[in-house]
file entry-v2.tsv (TSV, C-alpha atoms)
chain	number	residue	atom	x	y	z
A	1	MET	CA	-11.40	-18.34	-14.38
A	2	SER	CA	-13.37	-21.20	-12.83
A	3	GLU	CA	-17.12	-20.74	-13.18
A	4	GLU	CA	-17.89	-24.35	-12.19
A	5	ILE	CA	-16.83	-23.98	-8.56
A	6	ASN	CA	-19.83	-23.77	-6.24
A	7	PRO	CA	-19.23	-20.74	-3.98
A	8	PHE	CA	-21.25	-22.27	-1.13
A	9	GLU	CA	-19.00	-25.33	-1.16
A	10	SER	CA	-15.99	-22.99	-1.13
A	11	LEU	CA	-17.34	-21.28	1.98
A	12	ARG	CA	-17.92	-24.61	3.71
A	13	GLU	CA	-14.38	-25.72	2.89
A	14	GLN	CA	-12.92	-22.47	4.25
A	15	VAL	CA	-14.86	-22.91	7.50
A	16	ASP	CA	-13.67	-26.52	7.80
A	17	ASP	CA	-10.05	-25.47	7.24
A	18	ALA	CA	-10.23	-22.93	10.06
A	19	ALA	CA	-12.29	-25.13	12.40
A	20	ALA	CA	-9.50	-27.72	12.30
A	21	HIS	CA	-7.52	-25.26	14.44
A	22	LEU	CA	-10.36	-24.75	16.93
A	23	ASP	CA	-12.17	-26.98	19.39
A	24	VAL	CA	-15.58	-27.21	17.70
A	25	ARG	CA	-18.13	-29.99	18.17
A	26	PRO	CA	-19.32	-31.51	14.86
A	27	GLY	CA	-22.95	-30.49	15.35
A	28	THR	CA	-21.96	-26.95	16.24
A	29	LEU	CA	-19.63	-26.82	13.25
A	30	GLU	CA	-22.50	-27.68	10.93
A	31	ARG	CA	-24.45	-24.70	12.33
A	32	LEU	CA	-21.52	-22.51	11.30
A	33	LYS	CA	-21.67	-23.71	7.68
A	34	ARG	CA	-25.36	-23.22	6.84
A	35	PRO	CA	-27.70	-20.23	6.65
A	36	GLU	CA	-30.56	-20.13	9.14
A	37	ARG	CA	-33.10	-19.40	6.41
A	38	VAL	CA	-33.32	-18.55	2.72
A	39	LEU	CA	-36.19	-16.66	1.08
A	40	GLU	CA	-36.76	-17.63	-2.56
A	41	THR	CA	-39.43	-15.66	-4.36
A	42	ASN	CA	-40.75	-14.96	-7.85
A	43	LEU	CA	-41.47	-11.33	-8.67
A	44	SER	CA	-44.09	-10.32	-11.24
A	45	VAL	CA	-43.23	-6.97	-12.80
A	46	GLU	CA	-45.05	-5.00	-15.48
A	47	LEU	CA	-42.65	-3.76	-18.15
A	48	ASP	CA	-42.95	-0.48	-20.02
A	49	ASP	CA	-44.67	-2.18	-22.97
A	50	GLY	CA	-47.40	-3.56	-20.70
A	51	SER	CA	-46.12	-7.14	-20.67
A	52	ILE	CA	-45.48	-9.05	-17.44
A	53	GLU	CA	-42.11	-10.65	-16.69
A	54	MET	CA	-41.14	-12.96	-13.84
A	55	PHE	CA	-37.87	-12.57	-11.92
A	56	ARG	CA	-36.35	-15.01	-9.43
A	57	ALA	CA	-35.04	-13.38	-6.24
A	58	TYR	CA	-33.39	-14.54	-3.00
A	59	ARG	CA	-32.47	-13.39	0.51
A	60	SER	CA	-30.23	-15.55	2.73
A	61	GLN	CA	-29.84	-14.98	6.48
A	62	PHE	CA	-26.74	-16.60	7.93
A	63	ASN	CA	-26.18	-16.87	11.70
A	64	GLY	CA	-27.68	-14.04	13.72
A	65	ALA	CA	-25.90	-14.91	16.97
A	66	ARG	CA	-23.93	-11.64	16.98
A	67	GLY	CA	-26.70	-9.29	15.84
A	68	PRO	CA	-29.10	-8.45	12.98
A	69	TYR	CA	-28.35	-9.95	9.58
A	70	LYS	CA	-26.42	-7.62	7.31
A	71	GLY	CA	-25.52	-7.77	3.65
A	72	GLY	CA	-26.02	-6.45	0.17
A	73	ILE	CA	-28.48	-6.99	-2.65
A	74	ARG	CA	-27.07	-7.65	-6.12
A	75	TYR	CA	-28.71	-7.52	-9.56
A	76	HIS	CA	-26.92	-9.94	-11.87
A	77	PRO	CA	-27.81	-12.75	-14.33
A	78	GLY	CA	-25.56	-15.13	-12.37
A	79	VAL	CA	-27.37	-14.78	-9.04
A	80	SER	CA	-28.28	-18.19	-7.60
A	81	ARG	CA	-29.47	-19.72	-4.35
A	82	ASP	CA	-26.02	-21.15	-3.54
A	83	GLU	CA	-24.33	-17.86	-4.40
A	84	VAL	CA	-26.41	-15.84	-1.93
A	85	LYS	CA	-25.97	-18.55	0.72
A	86	ALA	CA	-22.20	-18.32	0.32
A	87	LEU	CA	-22.17	-14.55	0.28
A	88	SER	CA	-24.31	-14.38	3.42
A	89	GLY	CA	-21.84	-16.69	5.16
A	90	TRP	CA	-18.88	-14.59	4.08
A	91	MET	CA	-20.76	-11.57	5.44
A	92	ALA	CA	-21.28	-13.23	8.83
A	93	TYR	CA	-17.58	-13.95	9.15
A	94	LYS	CA	-16.59	-10.59	7.69
A	95	CYS	CA	-18.59	-8.81	10.39
A	96	ALA	CA	-17.02	-11.05	13.02
A	97	VAL	CA	-13.43	-10.53	11.85
A	98	VAL	CA	-13.79	-6.74	12.15
A	99	ASP	CA	-15.86	-7.21	15.33
A	100	ILE	CA	-19.03	-5.35	14.42
A	101	PRO	CA	-22.31	-6.68	15.91
A	102	TYR	CA	-24.01	-8.23	12.90
A	103	GLY	CA	-24.81	-11.60	11.42
A	104	GLY	CA	-24.63	-12.24	7.70
A	105	GLY	CA	-27.16	-11.61	4.97
A	106	LYS	CA	-27.18	-11.40	1.20
A	107	GLY	CA	-29.82	-11.06	-1.47
A	108	GLY	CA	-30.09	-10.85	-5.20
A	109	ILE	CA	-32.32	-10.80	-8.25
A	110	VAL	CA	-31.57	-12.79	-11.40
A	111	VAL	CA	-31.53	-9.88	-13.84
A	112	ASP	CA	-29.24	-7.93	-16.13
A	113	PRO	CA	-30.14	-4.32	-15.22
A	114	ASP	CA	-28.73	-3.05	-18.52
A	115	ASP	CA	-31.71	-4.67	-20.27
A	116	TYR	CA	-34.34	-2.62	-18.40
A	117	SER	CA	-35.39	1.00	-18.05
A	118	GLU	CA	-35.11	2.96	-14.82
A	119	ALA	CA	-38.89	2.77	-14.37
A	120	GLU	CA	-38.82	-1.01	-14.80
A	121	LEU	CA	-35.97	-1.35	-12.31
A	122	GLU	CA	-37.88	0.77	-9.81
A	123	ARG	CA	-40.94	-1.48	-10.10
A	124	LEU	CA	-38.72	-4.55	-9.76
A	125	THR	CA	-36.97	-3.12	-6.69
A	126	ARG	CA	-40.24	-2.15	-5.02
A	127	ALA	CA	-41.67	-5.62	-5.73
A	128	PHE	CA	-38.64	-7.20	-4.04
A	129	ALA	CA	-38.86	-4.75	-1.11
A	130	THR	CA	-42.48	-5.77	-0.63
A	131	GLU	CA	-41.46	-9.44	-0.41
A	132	LEU	CA	-38.61	-8.59	1.98
A	133	ARG	CA	-40.81	-6.46	4.22
A	134	PRO	CA	-41.71	-9.20	6.77
A	135	ILE	CA	-38.08	-10.24	7.37
A	136	ILE	CA	-36.13	-6.97	7.28
A	137	GLY	CA	-35.95	-4.09	9.76
A	138	GLU	CA	-33.28	-2.20	11.67
A	139	ASN	CA	-33.30	-4.88	14.40
A	140	ARG	CA	-33.77	-7.88	12.08
A	141	ASP	CA	-32.01	-7.67	8.71
A	142	ILE	CA	-30.44	-4.59	7.13
A	143	PRO	CA	-29.79	-4.80	3.36
A	144	ALA	CA	-27.24	-2.67	1.48
A	145	PRO	CA	-25.92	-2.16	-2.08
A	146	ASP	CA	-23.91	-4.78	-3.93
A	147	VAL	CA	-23.15	-5.61	-7.57
A	148	ASN	CA	-25.20	-3.38	-9.92
A	149	THR	CA	-27.10	-1.67	-7.11
A	150	GLY	CA	-26.44	1.59	-5.28
A	151	ARG	CA	-28.02	4.56	-3.56
A	152	ARG	CA	-30.94	4.71	-5.99
A	153	GLU	CA	-32.11	1.18	-5.28
A	154	MET	CA	-31.54	1.55	-1.52
A	155	ASN	CA	-33.66	4.71	-1.49
A	156	TRP	CA	-36.47	2.84	-3.30
A	157	ILE	CA	-36.33	-0.02	-0.78
A	158	LYS	CA	-36.36	2.40	2.17
A	159	ASP	CA	-39.32	4.31	0.75
A	160	THR	CA	-41.28	1.13	0.02
A	161	TYR	CA	-40.68	-0.29	3.50
A	162	GLU	CA	-41.50	2.96	5.30
A	163	THR	CA	-44.64	3.48	3.23
A	164	LEU	CA	-45.97	-0.03	3.84
A	165	GLU	CA	-45.06	0.06	7.52
A	166	ASN	CA	-46.33	3.63	7.95
A	167	THR	CA	-43.16	4.58	9.80
A	168	THR	CA	-39.86	6.41	9.53
A	169	GLU	CA	-37.03	3.90	9.84
A	170	PRO	CA	-33.90	4.97	7.93
A	171	GLY	CA	-31.89	2.22	9.64
A	172	VAL	CA	-33.80	-0.47	7.72
A	173	ILE	CA	-31.21	-0.17	4.95
A	174	THR	CA	-27.75	1.29	4.43
A	175	GLY	CA	-25.90	2.68	1.44
A	176	LYS	CA	-28.54	5.39	1.02
A	177	ALA	CA	-27.94	8.86	-0.35
A	178	PRO	CA	-26.91	11.33	2.40
A	179	GLU	CA	-30.16	13.26	1.94
A	180	SER	CA	-32.06	10.06	2.81
A	181	GLY	CA	-29.98	9.26	5.88
A	182	GLY	CA	-26.86	7.86	4.26
A	183	SER	CA	-23.39	8.21	5.73
A	184	ALA	CA	-20.53	10.32	4.48
A	185	GLY	CA	-17.71	8.12	3.20
A	186	ARG	CA	-19.91	5.11	2.40
A	187	VAL	CA	-19.31	5.09	-1.38
A	188	GLU	CA	-15.51	5.03	-0.90
A	189	ALA	CA	-15.50	2.67	2.10
A	190	THR	CA	-14.82	-0.68	0.41
A	191	GLY	CA	-12.01	0.69	-1.73
A	192	ARG	CA	-10.60	2.49	1.32
A	193	SER	CA	-10.44	-0.70	3.38
A	194	VAL	CA	-8.66	-2.44	0.47
A	195	MET	CA	-6.06	0.35	0.48
A	196	LEU	CA	-5.71	0.20	4.28
A	197	THR	CA	-5.27	-3.58	4.20
A	198	ALA	CA	-2.66	-3.29	1.44
A	199	ARG	CA	-0.83	-0.56	3.38
A	200	GLU	CA	-0.76	-2.66	6.55
A	201	ALA	CA	0.20	-5.79	4.59
A	202	PHE	CA	3.18	-4.13	2.95
A	203	ASP	CA	4.31	-2.74	6.30
A	204	TYR	CA	3.93	-6.17	7.94
A	205	LEU	CA	5.88	-7.85	5.12
A	206	GLU	CA	8.52	-5.09	5.27
A	207	LYS	CA	7.80	-3.94	1.73
A	208	GLU	CA	7.40	-0.38	0.41
A	209	ILE	CA	3.99	0.62	-0.90
A	210	GLU	CA	5.51	3.68	-2.55
A	211	GLY	CA	6.63	2.67	-6.02
A	212	ALA	CA	4.91	-0.73	-5.81
A	213	THR	CA	3.28	-1.91	-9.04
A	214	VAL	CA	-0.43	-2.73	-8.84
A	215	ALA	CA	-2.90	-4.57	-11.09
A	216	VAL	CA	-6.64	-4.31	-10.41
A	217	GLN	CA	-9.05	-6.84	-11.92
A	218	GLY	CA	-12.54	-5.32	-11.89
A	219	TYR	CA	-12.86	-1.54	-12.19
A	220	GLY	CA	-16.18	-0.87	-10.54
A	221	ASN	CA	-16.67	1.05	-7.32
A	222	ALA	CA	-14.31	-0.92	-5.08
A	223	GLY	CA	-11.59	-1.49	-7.68
A	224	SER	CA	-11.44	2.05	-9.01
A	225	ILE	CA	-11.44	3.68	-5.57
A	226	ALA	CA	-8.81	1.27	-4.26
A	227	ALA	CA	-6.65	2.05	-7.30
A	228	LYS	CA	-6.95	5.81	-6.77
A	229	LEU	CA	-6.19	5.58	-3.05
A	230	LEU	CA	-3.20	3.30	-3.66
A	231	GLU	CA	-1.97	5.73	-6.32
A	232	ASP	CA	-2.30	8.53	-3.75
A	233	ARG	CA	0.06	6.58	-1.49
A	234	GLY	CA	2.70	6.42	-4.22
A	235	ALA	CA	1.92	3.05	-5.79
A	236	SER	CA	1.98	2.69	-9.59
A	237	VAL	CA	-1.27	1.26	-11.00
A	238	VAL	CA	-0.07	-0.43	-14.18
A	239	ALA	CA	-3.15	-2.40	-15.23
A	240	VAL	CA	-6.91	-2.32	-14.65
A	241	SER	CA	-9.68	-4.36	-16.22
A	242	ASP	CA	-13.41	-4.87	-16.60
A	243	SER	CA	-15.42	-7.35	-18.67
A	244	SER	CA	-14.10	-5.73	-21.87
A	245	GLY	CA	-10.47	-6.50	-21.08
A	246	ALA	CA	-7.56	-4.64	-19.47
A	247	ALA	CA	-5.71	-1.38	-20.05
A	248	TYR	CA	-1.97	-1.77	-19.39
A	249	ASP	CA	0.89	0.69	-19.10
A	250	PRO	CA	4.10	-0.58	-17.46
A	251	ASP	CA	4.97	3.04	-16.63
A	252	GLY	CA	1.69	3.53	-14.75
A	253	LEU	CA	-1.85	4.56	-15.65
A	254	ASP	CA	-3.77	7.56	-14.37
A	255	ALA	CA	-6.33	5.74	-12.19
A	256	GLN	CA	-8.84	8.61	-12.14
A	257	ALA	CA	-8.56	9.27	-15.88
A	258	VAL	CA	-9.25	5.59	-16.60
A	259	LYS	CA	-12.34	5.73	-14.40
A	260	GLU	CA	-13.60	8.86	-16.13
A	261	ARG	CA	-13.11	7.22	-19.53
A	262	LYS	CA	-14.94	4.09	-18.38
A	263	ASP	CA	-17.81	6.25	-17.13
A	264	GLU	CA	-18.02	7.86	-20.58
A	265	THR	CA	-17.82	4.73	-22.76
A	266	GLY	CA	-18.51	1.82	-20.43
A	267	ASP	CA	-15.17	0.06	-21.07
A	268	VAL	CA	-11.67	0.55	-19.64
A	269	VAL	CA	-10.13	-0.63	-22.92
A	270	ASP	CA	-11.31	2.62	-24.49
A	271	TYR	CA	-8.71	4.44	-22.41
A	272	ASP	CA	-5.65	5.39	-24.47
A	273	ALA	CA	-3.20	2.91	-22.92
A	274	PRO	CA	-0.11	1.51	-24.69
A	275	GLU	CA	-1.43	-2.06	-24.46
A	276	THR	CA	-4.64	-3.99	-23.89
A	277	LEU	CA	-4.71	-7.38	-22.19
A	278	SER	CA	-7.23	-10.07	-21.31
A	279	ASN	CA	-8.39	-10.45	-17.73
A	280	GLU	CA	-6.36	-13.63	-17.41
A	281	GLU	CA	-3.23	-11.85	-18.64
A	282	LEU	CA	-3.79	-9.11	-16.05
A	283	LEU	CA	-4.12	-11.68	-13.26
A	284	THR	CA	-0.75	-13.18	-14.16
A	285	LEU	CA	1.22	-9.93	-14.55
A	286	ASP	CA	4.52	-9.64	-12.67
A	287	VAL	CA	3.39	-6.99	-10.16
A	288	ASP	CA	3.95	-6.31	-6.48
A	289	LEU	CA	0.23	-6.22	-5.64
A	290	LEU	CA	-2.75	-7.87	-7.30
A	291	VAL	CA	-6.26	-6.70	-6.38
A	292	PRO	CA	-9.03	-9.03	-7.65
A	293	ALA	CA	-12.12	-6.80	-7.47
A	294	ALA	CA	-14.64	-8.52	-9.75
A	295	LEU	CA	-16.79	-11.59	-8.98
A	296	GLU	CA	-16.07	-14.85	-7.18
A	297	ASN	CA	-13.89	-17.67	-8.56
A	298	ALA	CA	-11.72	-15.39	-10.71
A	299	ILE	CA	-8.59	-17.41	-9.91
A	300	ASP	CA	-8.65	-21.21	-9.86
A	301	ALA	CA	-5.79	-23.63	-9.19
A	302	ASP	CA	-4.56	-23.64	-12.79
A	303	LEU	CA	-4.40	-19.86	-12.98
A	304	ALA	CA	-2.91	-19.61	-9.49
A	305	ALA	CA	0.11	-21.55	-10.72
A	306	ASP	CA	0.81	-18.68	-13.13
A	307	VAL	CA	0.17	-15.77	-10.75
A	308	ARG	CA	3.34	-13.71	-10.36
A	309	ALA	CA	2.18	-11.09	-7.86
A	310	ASP	CA	3.94	-11.08	-4.49
A	311	VAL	CA	0.86	-9.95	-2.54
A	312	ILE	CA	-2.87	-10.37	-3.22
A	313	VAL	CA	-5.49	-8.24	-1.47
A	314	GLU	CA	-9.02	-9.39	-2.25
A	315	ALA	CA	-11.51	-6.61	-2.97
A	316	ALA	CA	-14.13	-9.03	-4.36
A	317	ASN	CA	-15.95	-11.69	-2.38
A	318	GLY	CA	-14.46	-15.14	-2.93
A	319	PRO	CA	-12.20	-14.33	-5.92
A	320	LEU	CA	-9.96	-17.35	-5.20
A	321	THR	CA	-11.15	-20.94	-5.16
A	322	PRO	CA	-9.98	-23.11	-2.22
A	323	ASP	CA	-7.67	-25.03	-4.57
A	324	ALA	CA	-6.15	-21.73	-5.72
A	325	ASP	CA	-5.54	-20.86	-2.07
A	326	ASP	CA	-3.66	-24.12	-1.63
A	327	VAL	CA	-1.47	-23.41	-4.66
A	328	LEU	CA	-0.66	-19.86	-3.58
A	329	THR	CA	0.07	-20.95	0.01
A	330	GLU	CA	2.51	-23.53	-1.35
A	331	ARG	CA	4.14	-20.81	-3.46
A	332	ASP	CA	4.42	-18.40	-0.47
A	333	VAL	CA	2.21	-15.75	-2.08
A	334	SER	CA	0.70	-13.61	0.69
A	335	VAL	CA	-3.09	-13.47	0.27
A	336	PHE	CA	-5.02	-11.07	2.49
A	337	PRO	CA	-8.63	-12.26	2.41
A	338	ASP	CA	-11.84	-10.61	1.38
A	339	ILE	CA	-13.44	-10.85	4.83
A	340	LEU	CA	-10.89	-8.32	6.04
A	341	ALA	CA	-9.89	-6.39	2.93
A	342	ASN	CA	-13.35	-5.46	1.65
A	343	ALA	CA	-14.95	-5.08	5.08
A	344	GLY	CA	-14.93	-1.28	4.77
A	345	GLY	CA	-18.34	-1.35	3.11
A	346	VAL	CA	-20.10	-3.19	5.92
A	347	THR	CA	-18.14	-1.27	8.56
A	348	VAL	CA	-19.31	2.10	7.27
A	349	SER	CA	-22.77	0.61	6.78
A	350	TYR	CA	-22.62	-0.14	10.51
A	351	PHE	CA	-21.62	3.48	11.15
A	352	GLU	CA	-24.58	4.58	8.99
A	353	TRP	CA	-26.95	2.33	10.99
A	354	VAL	CA	-25.63	3.77	14.26
A	355	GLN	CA	-26.09	7.32	12.96
A	356	ASN	CA	-29.64	6.51	11.77
A	357	ARG	CA	-30.58	5.15	15.18
A	358	GLN	CA	-29.10	8.13	17.01
A	359	ARG	CA	-30.34	10.68	14.45
A	360	PHE	CA	-26.89	12.23	14.78
A	361	TYR	CA	-24.54	12.31	11.78
A	362	TRP	CA	-20.76	12.23	11.55
A	363	SER	CA	-18.31	14.12	9.37
A	364	GLU	CA	-16.53	12.25	6.58
A	365	GLN	CA	-13.25	12.70	8.46
A	366	ARG	CA	-14.69	10.97	11.52
A	367	VAL	CA	-16.07	8.14	9.38
A	368	ASN	CA	-12.67	7.61	7.72
A	369	ASP	CA	-10.81	7.78	11.04
A	370	GLU	CA	-13.16	5.28	12.68
A	371	LEU	CA	-12.87	2.97	9.66
A	372	GLU	CA	-9.08	3.07	9.78
A	373	THR	CA	-9.12	2.13	13.47
A	374	VAL	CA	-11.39	-0.85	12.81
A	375	ILE	CA	-9.37	-2.18	9.86
A	376	VAL	CA	-5.97	-1.69	11.52
A	377	ASP	CA	-7.15	-3.38	14.73
A	378	ALA	CA	-8.59	-6.29	12.74
A	379	PHE	CA	-5.38	-6.61	10.72
A	380	ASP	CA	-3.29	-6.72	13.89
A	381	ARG	CA	-5.56	-9.40	15.39
A	382	LEU	CA	-5.31	-11.43	12.18
A	383	THR	CA	-1.50	-11.35	12.01
A	384	THR	CA	-1.15	-12.08	15.73
A	385	THR	CA	-3.42	-15.13	15.34
A	386	PHE	CA	-1.49	-16.21	12.24
A	387	GLU	CA	1.81	-16.14	14.15
A	388	ASP	CA	0.65	-17.43	17.54
A	389	ARG	CA	-1.19	-20.44	16.10
A	390	ASP	CA	1.37	-21.10	13.34
A	391	LEU	CA	-1.39	-21.14	10.71
A	392	PRO	CA	-0.80	-21.94	7.02
A	393	ASN	CA	-2.09	-18.63	5.59
A	394	PHE	CA	-3.82	-15.37	6.42
A	395	ARG	CA	-7.24	-16.57	5.24
A	396	THR	CA	-7.23	-19.38	7.76
A	397	ALA	CA	-6.16	-16.87	10.42
A	398	ALA	CA	-9.07	-14.58	9.53
A	399	TYR	CA	-11.57	-17.43	9.75
A	400	VAL	CA	-10.12	-18.64	13.05
A	401	VAL	CA	-10.68	-15.15	14.49
A	402	ALA	CA	-14.17	-14.87	13.00
A	403	ILE	CA	-15.39	-18.39	13.81
A	404	ASP	CA	-14.15	-18.12	17.37
A	405	ARG	CA	-16.23	-14.96	17.84
A	406	VAL	CA	-19.35	-16.43	16.22
A	407	LEU	CA	-18.90	-19.68	18.13
A	408	ARG	CA	-18.66	-17.95	21.49
A	409	ALA	CA	-21.77	-15.87	20.76
A	410	SER	CA	-23.67	-18.99	19.61
A	411	GLU	CA	-22.66	-20.98	22.68
A	412	GLN	CA	-23.62	-18.15	25.01
A	413	GLY	CA	-27.08	-18.05	23.41
A	414	GLY	CA	-27.48	-21.82	23.69
A	415	VAL	CA	-29.60	-24.09	21.51
A	416	TRP	CA	-33.31	-23.30	21.56
A	417	PRO	CA	-35.37	-26.51	21.98
call {"tool": "encode", "arguments": {"input": "entry-v2.tsv", "output": "structure tokens"}}
result
Amino acid sequence: MSEEINPFESLREQVDDAAAHLDVRPGTLERLKRPERVLETNLSVELDDGSIEMFRAYRSQFNGARGPYKGGIRYHPGVSRDEVKALSGWMAYKCAVVDIPYGGGKGGIVVDPDDYSEAELERLTRAFATELRPIIGENRDIPAPDVNTGRREMNWIKDTYETLENTTEPGVITGKAPESGGSAGRVEATGRSVMLTAREAFDYLEKEIEGATVAVQGYGNAGSIAAKLLEDRGASVVAVSDSSGAAYDPDGLDAQAVKERKDETGDVVDYDAPETLSNEELLTLDVDLLVPAALENAIDADLAADVRADVIVEAANGPLTPDADDVLTERDVSVFPDILANAGGVTVSYFEWVQNRQRFYWSEQRVNDELETVIVDAFDRLTTTFEDRDLPNFRTAAYVVAIDRVLRASEQGGVWP
């Protein structure tokens, strides 16, 4: 794993690679590689023992030409200014590749939530919501859950915003509990889009998903749901991992049982599997499908040389460095990028936003059907672009589609003097 790679530089390199296949003026290209604004703030929070602690927090807004900014809020010790800038850019292009009317946003607090009580986390979340209040809103910027956040935190942000604004505005945030205006199918959405992308990829490559061996690195929400849905389609999930290591059974694990064990103990290695592996060993297993579902930069160029999977579907944001992409392209490994594969979360967030604005709510079946249509249509556009333009890999194809859409919207809006 390469922790030294700057994710914002990775984003800029990916945009440059795709822009080489488009007619983009240099000044316009630079607009496509930088956020429009970044909020950096210090939050003062009273802890349970009465002491005061400071927390650094960020919110990046990246290109609003296609609509309000959209993106998650993560709580993690590794959150940084460049990380949220990169993630907001990936969100802008993710929304564009699946053609939903949003720009990109991302936020985060430098914190390990395991070190704090629920009451402390609530005070921290409400402090951040207060700082975000002037720049968010259902027509401005709509946050959502991300790493180490979920319905609970989104409900706190919604309540804080509505209280301070003296309004009812459920569309200010997505990923809420259904009782607070959340959408059916939202929790499963990211894992579902990973499964749909894998299904379409195997069909496109004329491979069988039934009986295919799968390794999943990162067994949180997206990874565990993707594993279960792939298992439901007949695939054999042979290895899964979290920060503790990997559980491995060449004859296939029970994806749901592993998740239940992890929920009980906190670690997948506590599951009774025949073997345990390191994360690096999982990433280099000889499997049909590899799903990196943890954090960015999980696979660098050195590790990519040892990857033996035939197909990679990215559930995490930015799990491959640009140099790793180059290695895997040279080795003819088919990589289906994050900005398509994990777009289920933002797509169903969009559905939630639409439902909030209409005050009319959909069934889970409708949500899943609409999501499948969006992902399949985006996949078809990606592969058509890949073939018609004779592009080097599917990531470049995805960015060509996305940048072209953002570029056209930006040009139509013009440059404000």
call {"tool": "residues_around", "arguments": {"input": "entry-v2.tsv", "residues": "range 136-139 of chain A", "least_positions_apart": "2", "cutoff": "9 Å", "atoms": "all atoms listed in the file", "output": "PyMOL selection string"}}
result
chain A and resi 67-69+132-134+141-143+161+169-173+353+357
call {"tool": "residues_around", "arguments": {"input": "entry-v2.tsv", "residues": "Val333 in chain A", "least_positions_apart": "2", "cutoff": "7 Å", "atoms": "all atoms listed in the file", "output": "list of chain:residue names"}}
result
A:Asp310, A:Val311, A:Leu328, A:Thr329, A:Arg331, A:Val335
call {"tool": "write_last_selection", "arguments": {"input": "entry-v2.tsv", "atoms": "C-alpha atoms", "output": "PDB file, in the frame of the given file"}}
result
ATOM      1  CA  ASP A 310       3.940 -11.080  -4.490  1.00  0.00           C
ATOM      2  CA  VAL A 311       0.860  -9.950  -2.540  1.00  0.00           C
ATOM      3  CA  LEU A 328      -0.660 -19.860  -3.580  1.00  0.00           C
ATOM      4  CA  THR A 329       0.070 -20.950   0.010  1.00  0.00           C
ATOM      5  CA  ARG A 331       4.140 -20.810  -3.460  1.00  0.00           C
ATOM      6  CA  VAL A 335      -3.090 -13.470   0.270  1.00  0.00           C
TER       7      VAL A 335
END
call {"tool": "residues_around", "arguments": {"input": "entry-v2.tsv", "residues": "Ile5 in chain A", "least_positions_apart": "3", "cutoff": "8 Å", "atoms": "only C-alpha atoms", "output": "VMD selection string"}}
result
chain A and resid 2 9 to 10 297 321
call {"tool": "residues_near_point", "arguments": {"input": "entry-v2.tsv", "point": "(-24.9, -16.5, -8.8)", "cutoff": "10 Å", "atoms": "all atoms listed in the file", "output": "PyMOL selection string"}}
result
chain A and resi 3+6-7+74-87+108-110+295-296
call {"tool": "atom_distance", "arguments": {"input": "entry-v2.tsv", "atom1": "CA of Asp17 in chain A", "atom2": "CA of Phe394 in chain A"}}
result
11.9 Å
call {"tool": "atom_distance", "arguments": {"input": "entry-v2.tsv", "atom1": "CA of Arg405 in chain A", "atom2": "CA of Gly344 in chain A"}}
result
19.0 Å
call {"tool": "residues_around", "arguments": {"input": "entry-v2.tsv", "residues": "Asp267 in chain A", "least_positions_apart": "5", "cutoff": "9 Å", "atoms": "all atoms listed in the file", "output": "count of residues only"}}
result
7
call {"tool": "residues_around", "arguments": {"input": "entry-v2.tsv", "residues": "Val268 in chain A", "least_positions_apart": "3", "cutoff": "12 Å", "atoms": "all atoms listed in the file", "output": "PyMOL selection string"}}
result
chain A and resi 216-220+224+239-248+253-265+271-273+275-279
call {"tool": "write_last_selection", "arguments": {"input": "entry-v2.tsv", "atoms": "C-alpha atoms", "output": "mmCIF file, in the frame of the given file"}}
result
data_model
loop_
_atom_site.group_PDB
_atom_site.id
_atom_site.type_symbol
_atom_site.label_atom_id
_atom_site.label_comp_id
_atom_site.auth_asym_id
_atom_site.auth_seq_id
_atom_site.Cartn_x
_atom_site.Cartn_y
_atom_site.Cartn_z
ATOM 1 C CA VAL A 216 -6.640 -4.310 -10.410
ATOM 2 C CA GLN A 217 -9.050 -6.840 -11.920
ATOM 3 C CA GLY A 218 -12.540 -5.320 -11.890
ATOM 4 C CA TYR A 219 -12.860 -1.540 -12.190
ATOM 5 C CA GLY A 220 -16.180 -0.870 -10.540
ATOM 6 C CA SER A 224 -11.440 2.050 -9.010
ATOM 7 C CA ALA A 239 -3.150 -2.400 -15.230
ATOM 8 C CA VAL A 240 -6.910 -2.320 -14.650
ATOM 9 C CA SER A 241 -9.680 -4.360 -16.220
ATOM 10 C CA ASP A 242 -13.410 -4.870 -16.600
ATOM 11 C CA SER A 243 -15.420 -7.350 -18.670
ATOM 12 C CA SER A 244 -14.100 -5.730 -21.870
ATOM 13 C CA GLY A 245 -10.470 -6.500 -21.080
ATOM 14 C CA ALA A 246 -7.560 -4.640 -19.470
ATOM 15 C CA ALA A 247 -5.710 -1.380 -20.050
ATOM 16 C CA TYR A 248 -1.970 -1.770 -19.390
ATOM 17 C CA LEU A 253 -1.850 4.560 -15.650
ATOM 18 C CA ASP A 254 -3.770 7.560 -14.370
ATOM 19 C CA ALA A 255 -6.330 5.740 -12.190
ATOM 20 C CA GLN A 256 -8.840 8.610 -12.140
ATOM 21 C CA ALA A 257 -8.560 9.270 -15.880
ATOM 22 C CA VAL A 258 -9.250 5.590 -16.600
ATOM 23 C CA LYS A 259 -12.340 5.730 -14.400
ATOM 24 C CA GLU A 260 -13.600 8.860 -16.130
ATOM 25 C CA ARG A 261 -13.110 7.220 -19.530
ATOM 26 C CA LYS A 262 -14.940 4.090 -18.380
ATOM 27 C CA ASP A 263 -17.810 6.250 -17.130
ATOM 28 C CA GLU A 264 -18.020 7.860 -20.580
ATOM 29 C CA THR A 265 -17.820 4.730 -22.760
ATOM 30 C CA TYR A 271 -8.710 4.440 -22.410
ATOM 31 C CA ASP A 272 -5.650 5.390 -24.470
ATOM 32 C CA ALA A 273 -3.200 2.910 -22.920
ATOM 33 C CA GLU A 275 -1.430 -2.060 -24.460
ATOM 34 C CA THR A 276 -4.640 -3.990 -23.890
ATOM 35 C CA LEU A 277 -4.710 -7.380 -22.190
ATOM 36 C CA SER A 278 -7.230 -10.070 -21.310
ATOM 37 C CA ASN A 279 -8.390 -10.450 -17.730
#
